[in-house]
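**Student:** query_28.cif is reproduced in full below (mmCIF, C-alpha atoms).
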data_protein
#
loop_
_atom_site.label_atom_id
_atom_site.label_comp_id
_atom_site.auth_asym_id
_atom_site.auth_seq_id
_atom_site.Cartn_x
_atom_site.Cartn_y
_atom_site.Cartn_z
CA MET A 1 56.20 126.83 -108.66
CA SER A 2 56.81 125.26 -105.25
CA GLY A 3 60.25 125.38 -103.62
CA PHE A 4 63.05 122.86 -103.39
CA ARG A 5 61.87 119.75 -101.57
CA PHE A 6 64.40 118.94 -98.83
CA GLN A 7 63.12 115.36 -98.73
CA LEU A 8 65.38 114.90 -101.76
CA LEU A 9 68.33 114.98 -99.35
CA ARG A 10 67.03 112.31 -97.02
CA ALA A 11 69.96 110.01 -97.83
CA LEU A 12 71.86 112.32 -95.46
CA ALA A 13 69.45 111.65 -92.59
CA PRO A 14 69.22 107.92 -91.87
CA SER A 15 66.49 106.56 -89.59
CA TRP A 16 67.57 102.87 -89.27
CA ARG A 17 64.04 101.64 -88.45
CA PHE A 18 64.26 98.55 -90.65
CA PHE A 19 61.37 96.10 -90.83
CA ASP A 20 59.99 97.51 -87.59
CA ARG A 21 56.27 96.92 -87.98
CA PRO A 22 54.69 94.42 -90.35
CA GLY A 23 51.70 95.85 -92.13
CA VAL A 24 49.61 95.23 -95.17
CA PRO A 25 51.50 96.63 -98.17
CA TYR A 26 50.15 99.07 -100.69
CA VAL A 27 49.78 97.19 -103.96
CA LEU A 28 49.97 98.80 -107.38
CA GLU A 29 48.11 96.94 -110.11
CA VAL A 30 47.44 97.73 -113.75
CA ARG A 31 45.03 96.42 -116.35
CA TRP A 32 45.74 96.73 -120.05
CA ILE A 33 42.62 97.71 -121.93
CA GLY A 34 41.98 95.80 -125.10
CA GLY A 35 44.83 93.34 -124.50
CA PRO A 36 44.49 89.55 -124.34
CA ALA A 37 44.49 89.67 -120.54
CA GLY A 38 41.27 91.71 -120.67
CA ASP A 39 40.21 93.05 -117.32
CA THR A 40 42.81 91.19 -115.28
CA TRP A 41 44.59 93.36 -112.71
CA GLN A 42 48.26 92.49 -112.52
CA ARG A 43 51.38 93.72 -110.74
CA PRO A 44 53.56 95.60 -113.21
CA TYR A 45 56.97 95.15 -111.56
CA PRO A 46 56.98 92.00 -109.44
CA GLY A 47 60.04 91.04 -107.43
CA VAL A 48 62.50 88.88 -109.32
CA ARG A 49 64.70 86.19 -107.79
CA GLY A 50 68.29 86.50 -108.74
CA GLY A 51 70.92 83.77 -108.80
CA ILE A 52 74.15 83.71 -106.83
CA VAL A 53 75.42 86.67 -108.89
CA SER A 54 72.64 88.79 -107.37
CA ILE A 55 74.90 89.41 -104.36
CA LEU A 56 76.97 91.56 -106.74
CA SER A 57 74.28 93.04 -108.94
CA ASN A 58 70.55 92.67 -108.50
CA GLY A 59 69.02 95.33 -110.74
CA SER A 60 65.62 93.72 -111.31
CA SER A 61 65.02 93.09 -107.63
CA ASN A 62 66.15 96.57 -106.62
CA LEU A 63 63.97 98.05 -109.37
CA ALA A 64 60.99 96.25 -107.82
CA LEU A 65 61.93 97.71 -104.42
CA ALA A 66 62.28 101.19 -105.93
CA TRP A 67 58.84 100.79 -107.51
CA GLN A 68 57.36 99.89 -104.13
CA SER A 69 58.98 103.01 -102.65
CA LEU A 70 57.45 105.04 -105.47
CA VAL A 71 54.00 103.63 -104.68
CA GLU A 72 54.43 104.45 -100.98
CA GLN A 73 55.56 107.99 -101.86
CA LEU A 74 52.41 108.37 -103.98
CA VAL A 75 50.23 107.18 -101.10
CA GLN A 76 51.97 109.71 -98.84
CA GLU A 77 51.22 112.43 -101.39
CA ILE A 78 47.56 111.36 -101.41
CA ASN A 79 47.42 111.51 -97.61
CA ASP A 80 49.08 114.95 -97.54
CA TYR A 81 47.01 116.42 -100.36
CA GLU A 82 44.52 119.12 -99.40
CA GLY A 83 43.46 120.48 -102.80
CA GLU A 84 40.66 119.62 -105.18
CA PRO A 85 40.65 115.85 -105.91
CA GLN A 86 40.34 116.50 -109.65
CA ALA A 87 43.58 118.46 -109.61
CA PHE A 88 45.64 115.80 -107.80
CA ALA A 89 46.84 113.92 -110.88
CA ALA A 90 48.13 117.10 -112.47
CA GLN A 91 49.93 118.24 -109.33
CA SER A 92 51.37 114.99 -107.95
CA VAL A 93 54.90 114.07 -109.02
CA GLY A 94 54.40 110.53 -107.70
CA TYR A 95 51.27 110.08 -109.83
CA ALA A 96 53.08 111.35 -112.92
CA LEU A 97 56.03 109.00 -112.32
CA VAL A 98 53.80 105.94 -111.85
CA HIS A 99 51.89 106.94 -114.98
CA ALA A 100 55.16 107.32 -116.89
CA GLY A 101 56.45 103.96 -115.65
CA LEU A 102 53.32 102.12 -116.70
CA GLU A 103 53.21 103.90 -120.04
CA ARG A 104 56.58 102.30 -120.81
CA LEU A 105 54.98 98.87 -120.45
CA ALA A 106 51.75 99.67 -122.28
CA LEU A 107 53.04 98.92 -125.80
CA GLY A 108 50.50 101.29 -127.28
CA ARG A 109 47.55 100.00 -125.25
CA SER A 110 45.35 102.10 -123.02
CA PHE A 111 45.52 101.20 -119.35
CA GLN A 112 44.17 101.89 -115.91
CA PHE A 113 45.96 101.53 -112.58
CA ARG A 114 44.94 101.27 -108.98
CA ILE A 115 46.50 101.13 -105.56
CA THR A 116 44.91 98.94 -102.92
CA CYS A 117 45.68 98.11 -99.32
CA ASP A 118 44.23 94.91 -97.86
CA GLY A 119 41.54 95.00 -100.53
CA ASP A 120 40.61 98.64 -99.86
CA LEU A 121 40.89 100.97 -102.82
CA VAL A 122 43.31 103.85 -102.22
CA LEU A 123 43.53 105.22 -105.76
CA LEU A 124 41.87 104.38 -109.07
CA SER A 125 43.10 106.18 -112.16
CA PRO A 126 40.90 106.96 -115.13
CA GLU A 127 41.52 104.94 -118.28
CA LEU A 128 44.70 106.39 -119.73
CA ALA A 129 45.72 106.48 -123.36
CA THR A 130 49.35 105.81 -124.21
CA GLN A 131 51.09 108.82 -125.68
CA ALA A 132 54.67 107.69 -125.76
CA ARG A 133 55.99 105.23 -128.29
CA PRO A 134 57.03 101.94 -126.71
CA SER A 135 60.75 101.81 -126.04
CA MET B 1 95.04 97.25 -76.37
CA MET B 2 96.31 100.34 -78.19
CA PHE B 3 97.73 100.56 -81.68
CA GLY B 4 99.86 103.14 -83.48
CA SER B 5 98.74 105.53 -86.19
CA GLY B 6 99.29 102.90 -88.89
CA PHE B 7 96.30 101.07 -87.45
CA HIS B 8 94.03 104.13 -87.83
CA LEU B 9 95.17 104.50 -91.43
CA LEU B 10 94.68 100.84 -92.22
CA ALA B 11 91.18 100.88 -90.72
CA ILE B 12 90.08 104.02 -92.59
CA ARG B 13 91.66 102.70 -95.77
CA SER B 14 89.76 99.41 -95.37
CA CYS B 15 86.50 101.35 -94.99
CA ALA B 16 87.39 103.35 -98.11
CA THR B 17 88.19 100.22 -100.12
CA LEU B 18 84.99 98.45 -99.12
CA VAL B 19 82.76 101.47 -99.71
CA ALA B 20 84.45 101.99 -103.08
CA LEU B 21 83.57 98.41 -103.96
CA ALA B 22 79.98 98.99 -102.79
CA VAL B 23 79.66 102.16 -104.87
CA LEU B 24 81.23 100.48 -107.89
CA LEU B 25 78.70 97.64 -107.72
CA GLN B 26 75.86 100.12 -107.20
CA GLY B 27 77.05 102.04 -110.26
CA VAL B 28 77.14 98.91 -112.41
CA GLU B 29 73.62 98.09 -111.25
CA LEU B 30 72.35 101.62 -111.99
CA TRP B 31 73.98 101.41 -115.42
CA SER B 32 71.90 98.29 -116.15
CA LEU B 33 68.78 100.27 -115.18
CA ARG B 34 69.69 103.55 -116.89
CA ARG B 35 66.84 103.39 -119.45
CA HIS B 36 64.39 103.70 -116.53
CA CYS B 37 65.79 107.20 -115.94
CA GLY B 38 65.78 108.35 -119.54
CA ALA B 39 63.43 110.74 -121.29
CA SER B 40 60.92 107.91 -121.78
CA GLY B 41 61.71 106.15 -118.48
CA ILE B 42 60.04 106.18 -115.09
CA TRP B 43 62.23 108.65 -113.22
CA ARG B 44 62.37 111.17 -116.06
CA TRP B 45 63.70 114.64 -115.42
CA SER B 46 60.75 116.40 -117.11
CA ILE B 47 58.62 115.19 -114.16
CA LEU B 48 61.21 115.15 -111.38
CA LYS B 49 62.27 118.77 -111.93
CA ARG B 50 58.99 119.95 -110.41
CA GLU B 51 60.40 119.05 -106.98
CA TYR B 52 63.44 121.30 -107.37
CA GLY B 53 61.59 124.61 -107.52
CA ARG B 54 63.76 127.50 -108.67
CA LEU B 55 66.84 125.26 -108.50
CA ALA B 56 65.54 123.01 -111.31
CA PRO B 57 67.66 124.63 -114.06
CA VAL B 58 70.81 124.19 -111.98
CA PHE B 59 70.10 120.59 -111.02
CA GLY B 60 68.97 119.91 -114.58
CA LEU B 61 72.59 120.38 -115.62
CA LEU B 62 73.61 117.63 -113.19
CA LEU B 63 70.61 115.30 -113.24
CA GLY B 64 69.00 115.72 -116.65
CA ASP B 65 68.09 112.65 -118.70
CA ARG B 66 71.08 112.99 -121.02
CA ILE B 67 73.53 113.62 -118.19
CA TRP B 68 72.36 110.67 -116.08
CA PRO B 69 74.39 107.92 -117.85
CA TRP B 70 77.49 110.12 -117.60
CA LEU B 71 76.89 110.62 -113.89
CA ILE B 72 76.72 106.83 -113.41
CA ALA B 73 79.90 106.41 -115.46
CA LEU B 74 81.57 109.05 -113.28
CA GLN B 75 80.45 107.15 -110.17
CA VAL B 76 81.97 103.92 -111.48
CA GLY B 77 85.17 105.69 -112.53
CA LEU B 78 85.67 107.49 -109.21
CA ALA B 79 84.91 104.30 -107.28
CA ALA B 80 87.55 102.49 -109.33
CA VAL B 81 90.09 105.22 -108.54
CA LEU B 82 89.25 104.99 -104.83
CA LEU B 83 89.65 101.21 -104.99
CA ASP B 84 93.04 101.64 -106.61
CA LEU B 85 94.52 103.73 -103.79
CA PRO B 86 97.16 101.73 -101.89
CA LEU B 87 95.76 99.42 -99.20
CA VAL B 88 98.54 100.25 -96.76
CA PRO B 89 98.55 103.99 -97.16
CA GLY B 90 100.80 106.79 -96.27
CA ARG B 91 99.28 110.20 -95.71
CA GLU B 92 98.35 110.78 -99.36
CA VAL B 93 95.23 112.91 -99.29
CA SER B 94 92.77 112.42 -102.12
CA PRO B 95 89.78 114.51 -103.25
CA VAL B 96 88.13 111.38 -104.69
CA PRO B 97 86.07 110.42 -101.60
CA LEU B 98 84.50 113.90 -101.48
CA LEU B 99 83.75 113.92 -105.21
CA LEU B 100 82.28 110.43 -104.98
CA SER B 101 80.10 111.49 -102.03
CA GLY B 102 78.67 114.28 -104.16
CA VAL B 103 77.98 111.95 -107.08
CA VAL B 104 76.28 109.35 -104.84
CA LEU B 105 74.15 112.05 -103.21
CA LEU B 106 73.09 113.35 -106.62
CA GLY B 107 72.24 109.78 -107.66
CA SER B 108 70.01 109.39 -104.60
CA MET B 109 68.27 112.67 -105.40
CA ARG B 110 67.46 111.34 -108.88
CA PHE B 111 65.22 108.78 -107.11
CA ARG B 112 63.49 111.38 -104.92
CA GLY B 113 65.82 110.87 -101.96
CA THR B 114 67.11 107.31 -102.10
CA PHE B 115 67.14 104.49 -104.63
CA ASN B 116 67.49 101.75 -102.02
CA GLY B 117 66.63 103.35 -98.68
CA GLY B 118 69.04 102.69 -95.82
CA SER B 119 71.81 101.30 -98.00
CA ASP B 120 72.15 104.68 -99.72
CA CYS B 121 72.27 106.35 -96.29
CA MET B 122 74.98 104.04 -94.95
CA THR B 123 77.01 104.36 -98.15
CA LEU B 124 77.03 108.12 -97.64
CA VAL B 125 77.87 107.81 -93.94
CA VAL B 126 81.03 105.89 -94.83
CA LEU B 127 81.93 107.96 -97.89
CA LEU B 128 81.52 111.31 -96.12
CA SER B 129 83.51 110.10 -93.12
CA VAL B 130 86.34 108.92 -95.36
CA ALA B 131 86.13 112.23 -97.23
CA GLY B 132 86.32 114.14 -93.95
CA SER B 133 89.41 112.23 -92.87
CA HIS B 134 91.10 113.07 -96.18
CA LEU B 135 90.11 116.74 -95.97
CA ALA B 136 91.73 116.84 -92.53
CA GLY B 137 94.97 115.42 -93.91
CA LEU B 138 94.48 111.86 -92.62
CA SER B 139 95.78 112.92 -89.23
CA ASP B 140 95.41 110.47 -86.34
CA THR B 141 92.63 112.57 -84.86
CA ALA B 142 90.81 112.85 -88.18
CA CYS B 143 91.01 109.09 -88.73
CA ARG B 144 89.78 108.35 -85.20
CA VAL B 145 86.86 110.78 -85.55
CA ALA B 146 85.91 109.32 -88.93
CA LEU B 147 86.15 105.75 -87.64
CA GLY B 148 84.16 106.75 -84.57
CA TYR B 149 81.38 108.29 -86.63
CA ILE B 150 81.14 105.29 -88.97
CA ALA B 151 81.08 102.88 -86.03
CA LEU B 152 78.55 105.05 -84.17
CA GLN B 153 76.13 105.06 -87.12
CA ALA B 154 76.58 101.33 -87.75
CA VAL B 155 76.05 100.44 -84.09
CA LEU B 156 73.12 102.85 -83.93
CA SER B 157 71.60 101.10 -86.95
CA TYR B 158 71.68 97.76 -85.11
CA ALA B 159 70.50 99.31 -81.83
CA VAL B 160 67.53 101.16 -83.36
CA ALA B 161 66.53 98.23 -85.59
CA GLY B 162 66.75 95.82 -82.64
CA TRP B 163 64.92 98.12 -80.22
CA VAL B 164 61.96 98.82 -82.51
CA LYS B 165 61.61 95.09 -83.15
CA LEU B 166 61.76 94.31 -79.43
CA ARG B 167 58.89 96.76 -78.84
CA GLU B 168 56.77 95.24 -81.60
CA PRO B 169 54.52 92.34 -80.46
CA ALA B 170 54.52 90.81 -83.94
CA TRP B 171 58.30 90.34 -83.72
CA ARG B 172 58.09 88.86 -80.23
CA ASN B 173 55.35 86.36 -81.08
CA GLY B 174 56.85 85.24 -84.39
CA SER B 175 54.25 86.64 -86.77
CA ALA B 176 56.41 89.45 -88.21
CA LEU B 177 58.94 87.44 -90.22
CA PRO B 178 56.40 85.47 -92.30
CA MET B 179 54.59 88.74 -93.10
CA PHE B 180 57.78 90.47 -94.27
CA LEU B 181 58.86 87.41 -96.26
CA SER B 182 55.51 87.32 -98.04
CA LEU B 183 55.83 90.87 -99.42
CA PRO B 184 55.71 90.44 -103.20
CA GLN B 185 58.57 92.84 -103.95
CA HIS B 186 61.04 90.47 -102.27
CA ALA B 187 60.46 87.25 -104.31
CA VAL B 188 61.58 85.02 -101.43
CA PRO B 189 62.43 81.37 -102.31
CA ALA B 190 59.39 79.16 -101.74
CA TRP B 191 61.16 76.85 -99.29
CA VAL B 192 62.18 79.80 -97.12
CA GLY B 193 58.58 80.97 -97.05
CA ARG B 194 57.44 77.49 -96.01
CA LEU B 195 60.14 77.22 -93.33
CA PHE B 196 59.17 80.48 -91.66
CA SER B 197 55.45 79.81 -91.92
CA ASN B 198 56.13 77.54 -88.92
CA ARG B 199 55.42 79.86 -85.98
CA SER B 200 58.06 78.29 -83.70
CA VAL B 201 60.78 78.66 -86.31
CA ALA B 202 59.69 82.23 -87.05
CA ARG B 203 59.62 83.13 -83.35
CA LEU B 204 63.07 81.65 -82.77
CA ALA B 205 64.50 83.42 -85.82
CA GLY B 206 62.79 86.68 -84.84
CA TRP B 207 64.31 86.59 -81.35
CA GLY B 208 67.63 85.65 -82.93
CA VAL B 209 67.55 88.78 -85.08
CA ILE B 210 66.60 90.97 -82.08
CA ALA B 211 69.32 89.41 -79.88
CA GLY B 212 71.95 89.72 -82.60
CA GLU B 213 71.17 93.37 -83.38
CA LEU B 214 70.97 94.46 -79.74
CA GLY B 215 73.87 92.21 -78.68
CA LEU B 216 76.27 93.69 -81.22
CA ALA B 217 75.20 97.21 -80.25
CA MET B 218 75.65 96.57 -76.53
CA VAL B 219 78.99 94.73 -76.75
CA THR B 220 80.48 97.37 -79.04
CA THR B 221 79.22 100.18 -76.83
CA LEU B 222 80.70 98.55 -73.71
CA LEU B 223 84.06 98.13 -75.42
CA ALA B 224 84.09 101.71 -76.68
CA VAL B 225 82.97 103.28 -73.40
CA TRP B 226 85.26 101.27 -71.09
CA PRO B 227 88.35 100.50 -73.16
CA GLY B 228 90.81 98.25 -71.36
CA ARG B 229 88.47 97.62 -68.40
CA HIS B 230 86.16 95.03 -69.90
CA PRO B 231 86.01 91.32 -69.04
CA ASP B 232 88.24 88.91 -70.94
CA GLY B 233 86.55 87.57 -74.00
CA LEU B 234 84.25 90.53 -74.59
CA ALA B 235 86.28 91.73 -77.58
CA ALA B 236 86.25 88.20 -78.99
CA ALA B 237 82.49 88.11 -78.49
CA GLY B 238 82.24 91.42 -80.35
CA LEU B 239 84.24 90.11 -83.29
CA GLY B 240 82.12 86.94 -83.28
CA LEU B 241 78.96 89.05 -83.43
CA LEU B 242 80.46 90.99 -86.33
CA ALA B 243 81.01 87.72 -88.20
CA LEU B 244 77.40 86.75 -87.48
CA GLY B 245 76.30 90.18 -88.67
CA MET B 246 78.06 89.62 -91.97
CA LEU B 247 76.27 86.29 -92.41
CA PHE B 248 72.98 87.99 -91.49
CA HIS B 249 73.43 90.60 -94.22
CA LEU B 250 74.51 87.90 -96.66
CA ALA B 251 71.31 85.94 -95.92
CA ASN B 252 69.24 89.11 -96.38
CA ALA B 253 70.94 89.70 -99.71
CA TRP B 254 70.15 86.22 -100.90
CA VAL B 255 66.64 85.80 -99.44
CA LEU B 256 65.26 89.35 -99.69
CA GLY B 257 67.39 90.64 -102.58
CA LEU B 258 68.98 93.31 -100.34
CA ASN B 259 72.45 93.01 -101.86
CA ARG B 260 73.22 96.71 -101.51
CA PHE B 261 72.80 96.52 -97.73
CA PHE B 262 75.40 93.74 -97.50
CA TRP B 263 78.11 95.82 -99.18
CA ALA B 264 77.20 99.10 -97.46
CA TRP B 265 77.26 97.56 -93.96
CA LEU B 266 80.38 95.54 -94.73
CA ALA B 267 82.13 98.87 -95.38
CA THR B 268 81.43 99.88 -91.77
CA TYR B 269 82.91 96.73 -90.23
CA PRO B 270 86.57 97.85 -90.23
CA ALA B 271 85.47 100.86 -88.15
CA ILE B 272 83.52 98.70 -85.69
CA ALA B 273 86.40 96.22 -85.51
CA TYR B 274 88.78 99.13 -84.88
CA TRP B 275 86.80 100.16 -81.82
CA ILE B 276 86.43 96.56 -80.65
CA VAL B 277 90.12 95.67 -80.75
CA GLY B 278 91.63 99.15 -80.50
#
What does this structure look like when you write it as C-alpha cells?

**Tutor:**
Amino acid sequence: MSGFRFQLLRALAPSWRFFDRPGVPYVLEVRWIGGPAGDTWQRPYPGVRGGIVSILSNGSSNLALAWQSLVEQLVQEINDYEGEPQAFAAQSVGYALVHAGLERLALGRSFQFRITCDGDLVLLSPELATQARPS
Amino acid sequence: MMFGSGFHLLAIRSCATLVALAVLLQGVELWSLRRHCGASGIWRWSILKREYGRLAPVFGLLLGDRIWPWLIALQVGLAAVLLDLPLVPGREVSPVPLLLSGVVLLGSMRFRGTFNGGSDCMTLVVLLSVAGSHLAGLSDTACRVALGYIALQAVLSYAVAGWVKLREPAWRNGSALPMFLSLPQHAVPAWVGRLFSNRSVARLAGWGVIAGELGLAMVTTLLAVWPGRHPDGLAAAGLGLLALGMLFHLANAWVLGLNRFFWAWLATYPAIAYWIVG
C-alpha cells in the first residue's frame, strides 16, 4: 500500500496561474457497444449552459469541469507511470474513477473509452463490461 | 486615512459573511451532485481510499460514501451559522470558521485535492484567515493580519494571472481567448464565441484582461506600501478597479460557468477595500 498522497491537500497551496497558456485539451470519449449509436465516439459529460440562476448554483457545469480535471489527472498518472503497461489500469486511481463514472452511464451496455489530444491517442481502454446496476 | 478598530471588525466580518455565502452555495451545489460521490458514483470511496495509504481507515470515517451527504449538510449548516453572526460585531469569538475550514478542506480532498480548482483555494484562504482572527480573539492586530493575508493572496492571484498572460504570445496577439472559449467543458454561448472569433476584438479583450489584472495588483500594492503618500485619486482608481473586477468575475460566471470563482473572490474584496481606503 502506498502512503498518503499530499496532493490531496493542494487546496491549501494555490498557484493562481489561471488560463495562462492555451493548449489543445485532452478529450475523453466513450462508445457504447451494442447501443443504437453503434461505434460513435461521444463526450460523456459535456459542458451545460445554465440560466441566470447558474450564478448561484451551477452543478452540471461544475461537474463537467470536475470531469475534465479527472481526465487531466489520469493523463498525469499515465505520464508519471513507470511500471508494466498491462498493470496500469489496476494501479491507477484516475483510471478506476473514469471507469466508474462511465459505468454509471452505461445502462447495462459494454463500453470502451479513449483519451485523445489533437487527434493523437493517449489512452484506449479495452472493451469493458458493466458490472454495476444502473442507478 | 486611518480608521478605528470597528473598521477592522467590520471588514473581517464582511469577509466572513461573503465567504459563508460562498460556502453555503457550494454546499447546495454539492448536495445536488451527491449521487456522484456515492457507492455507485464516480468519486466513490472504495477507489479513492487507495490514495490515503495507512490513513484510509481514519479518513474513511470522515469521507466514506455514507458520511459524504452528512458532511455536505454540515457544511451548509455551519455556513448558515456563520452567515447569521451579527454584521456589526463585537468581539464575540466563534469556533465556526475553523470548523467550516476543516469541512471545506475535507470536501476538497474528496475530489482528489479540489472540486473546482482555484475557487476552492481562495475559499480556504478567506475561511482560514477569518478562523485565525477568531482564534486570536478578534484583536486589532489579528484582524489586520487576517485582512492583510486575504488581500495579499487576492492581489497575488491577479498579479500572477496577469503576469503569466503578459508573457504568453497567444494572449498578446489575441489568439488565446477564442481557444479558451472553445473548450467544450465551458459551453460558451454561441454569440460570445462568434464575437471573440474576431481577432481584433479578442486582442482588445485579452489586453483588457491583462491590464485589469495587473492594474488592480499594482494600484493595491502602491496603496498598501505607501499609505498616505500616494497621489490623489489613486484610492478611487483602486476601488474602480475592484468594481471592474467584480464585473469580470460575473462575466466569467455567466460565460464560462465559473460561478464559484465569483463568490470566492467577492469574499476577498472587503479585505482589498480595507487596504485601499484604510

**Student:** Given the PyMOL selection byres ((chain A) within 7 of (chain B)) and the file above, list the residues it selects as a ChimeraX atom specification.

**Tutor:** /A:1-5,7-12,14,16-18,20-22,46-49,54-59,61,64-66,93,96-97,100-101,104

**Student:** Convert the output of the PyMOL selection byres ((chain B and resi 64-81) around 6) on the shown file into explicit residues, formatted as a ChimeraX atom specification.

**Tutor:** /B:20,24,27,38-39,45,60-61,63,82-84

**Student:** Just checking: using all atoms listed in the file, which residue out of A:Ser69, A:Val30, A:Thr40, A:Gly50 ends up closest to Pro126 in chain A?

**Tutor:**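 Under the stated criterion, the closest residue is A:Val30.
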
**Student:** Provide the CA of Trp67 in chain A to CA of Arg109 in chain A distance in Å, to one decimal place.

**Tutor:** 21.0 Å

**Student:** Determine the residue set returned by the PyMOL selection byres ((chain A and resi 120-124) around 12) for the present structure, and present it as number ranges by chain.

**Tutor:** A: 24-31, 41, 71-72, 74-79, 85, 88-89, 95, 98-99, 111-119, 125-128

**Student:** Around (88.9, 90.1, -74.7) in the file's frame, which residues reach within 12 Å when counting only C-alpha atoms? Return as a PyMOL selection string?

**Tutor:** chain B and resi 1+219-220+222-223+227-240+276-278

**Student:** For the selection you just gave me, I'd like the residues written to a file as a compact mmCIF listing (two decimals), in the coordinates of the input, keeping C-alpha atoms.

**Tutor:**
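Generated output (out_33.txt):
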# COMPACT_ATOMS: atom_id res chain seq x y z
CA MET B 1 95.04 97.25 -76.37
CA VAL B 219 78.99 94.73 -76.75
CA THR B 220 80.48 97.37 -79.04
CA LEU B 222 80.70 98.55 -73.71
CA LEU B 223 84.06 98.13 -75.42
CA PRO B 227 88.35 100.50 -73.16
CA GLY B 228 90.81 98.25 -71.36
CA ARG B 229 88.47 97.62 -68.40
CA HIS B 230 86.16 95.03 -69.90
CA PRO B 231 86.01 91.32 -69.04
CA ASP B 232 88.24 88.91 -70.94
CA GLY B 233 86.55 87.57 -74.00
CA LEU B 234 84.25 90.53 -74.59
CA ALA B 235 86.28 91.73 -77.58
CA ALA B 236 86.25 88.20 -78.99
CA ALA B 237 82.49 88.11 -78.49
CA GLY B 238 82.24 91.42 -80.35
CA LEU B 239 84.24 90.11 -83.29
CA GLY B 240 82.12 86.94 -83.28
CA ILE B 276 86.43 96.56 -80.65
CA VAL B 277 90.12 95.67 -80.75
CA GLY B 278 91.63 99.15 -80.50

**Student:** Pick the closest to Val96 in chain B from B:Ser129, B:Leu266, B:His134, B:Trp207: which is it, counting all atoms listed in the file?

**Tutor:**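 Using all atoms listed in the file, Val96 in chain B sits closest to B:His134.
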
**Student:** I'd like to know which of B:Ala264, B:Ala131, B:Leu195, B:Ala273 is closest to Leu242 in chain B, using only C-alpha atoms.

**Tutor:**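 Once distances to Leu242 in chain B are computed over only C-alpha atoms, the minimum belongs to B:Ala273.
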
**Student:** Between CA of Ala267 in chain B and CA of Leu18 in chain B, what is the spacing in Å?

**Tutor:**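 Straight-line distance from CA of Leu18 in chain B to CA of Ala267 in chain B works out to 4.7 Å.
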
**Student:** Give me range 60-74 of chain A with N, CA and C atoms filled in, as an mmCIF file, keeping the file's coordinate frame.

**Tutor:**
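File produced: part-v2.cif:
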data_model
loop_
_atom_site.group_PDB
_atom_site.id
_atom_site.type_symbol
_atom_site.label_atom_id
_atom_site.label_comp_id
_atom_site.auth_asym_id
_atom_site.auth_seq_id
_atom_site.Cartn_x
_atom_site.Cartn_y
_atom_site.Cartn_z
ATOM 1 N N SER A 60 67.071 93.957 -111.202
ATOM 2 C CA SER A 60 65.620 93.720 -111.310
ATOM 3 C C SER A 60 64.955 93.769 -109.943
ATOM 4 N N SER A 61 65.597 93.126 -108.968
ATOM 5 C CA SER A 61 65.020 93.090 -107.630
ATOM 6 C C SER A 61 65.012 94.490 -107.010
ATOM 7 N N ASN A 62 66.102 95.221 -107.188
ATOM 8 C CA ASN A 62 66.150 96.570 -106.620
ATOM 9 C C ASN A 62 65.217 97.528 -107.357
ATOM 10 N N LEU A 63 64.968 97.251 -108.637
ATOM 11 C CA LEU A 63 63.970 98.050 -109.370
ATOM 12 C C LEU A 63 62.582 97.823 -108.771
ATOM 13 N N ALA A 64 62.287 96.553 -108.440
ATOM 14 C CA ALA A 64 60.990 96.250 -107.820
ATOM 15 C C ALA A 64 60.860 96.967 -106.476
ATOM 16 N N LEU A 65 61.955 97.005 -105.705
ATOM 17 C CA LEU A 65 61.930 97.710 -104.420
ATOM 18 C C LEU A 65 61.741 99.217 -104.615
ATOM 19 N N ALA A 66 62.413 99.757 -105.646
ATOM 20 C CA ALA A 66 62.280 101.190 -105.930
ATOM 21 C C ALA A 66 60.846 101.512 -106.369
ATOM 22 N N TRP A 67 60.239 100.599 -107.115
ATOM 23 C CA TRP A 67 58.840 100.790 -107.510
ATOM 24 C C TRP A 67 57.930 100.822 -106.278
ATOM 25 N N GLN A 68 58.187 99.915 -105.332
ATOM 26 C CA GLN A 68 57.360 99.890 -104.130
ATOM 27 C C GLN A 68 57.533 101.199 -103.352
ATOM 28 N N SER A 69 58.770 101.717 -103.311
ATOM 29 C CA SER A 69 58.980 103.010 -102.650
ATOM 30 C C SER A 69 58.196 104.107 -103.357
ATOM 31 N N LEU A 70 58.179 104.043 -104.684
ATOM 32 C CA LEU A 70 57.450 105.040 -105.470
ATOM 33 C C LEU A 70 55.960 105.004 -105.143
ATOM 34 N N VAL A 71 55.418 103.787 -105.020
ATOM 35 C CA VAL A 71 54.000 103.630 -104.680
ATOM 36 C C VAL A 71 53.735 104.208 -103.289
ATOM 37 N N GLU A 72 54.632 103.935 -102.338
ATOM 38 C CA GLU A 72 54.430 104.450 -100.980
ATOM 39 C C GLU A 72 54.575 105.975 -100.940
ATOM 40 N N GLN A 73 55.455 106.523 -101.766
ATOM 41 C CA GLN A 73 55.560 107.990 -101.860
ATOM 42 C C GLN A 73 54.260 108.572 -102.417
ATOM 43 N N LEU A 74 53.672 107.882 -103.405
ATOM 44 C CA LEU A 74 52.410 108.370 -103.980
ATOM 45 C C LEU A 74 51.296 108.335 -102.935
#
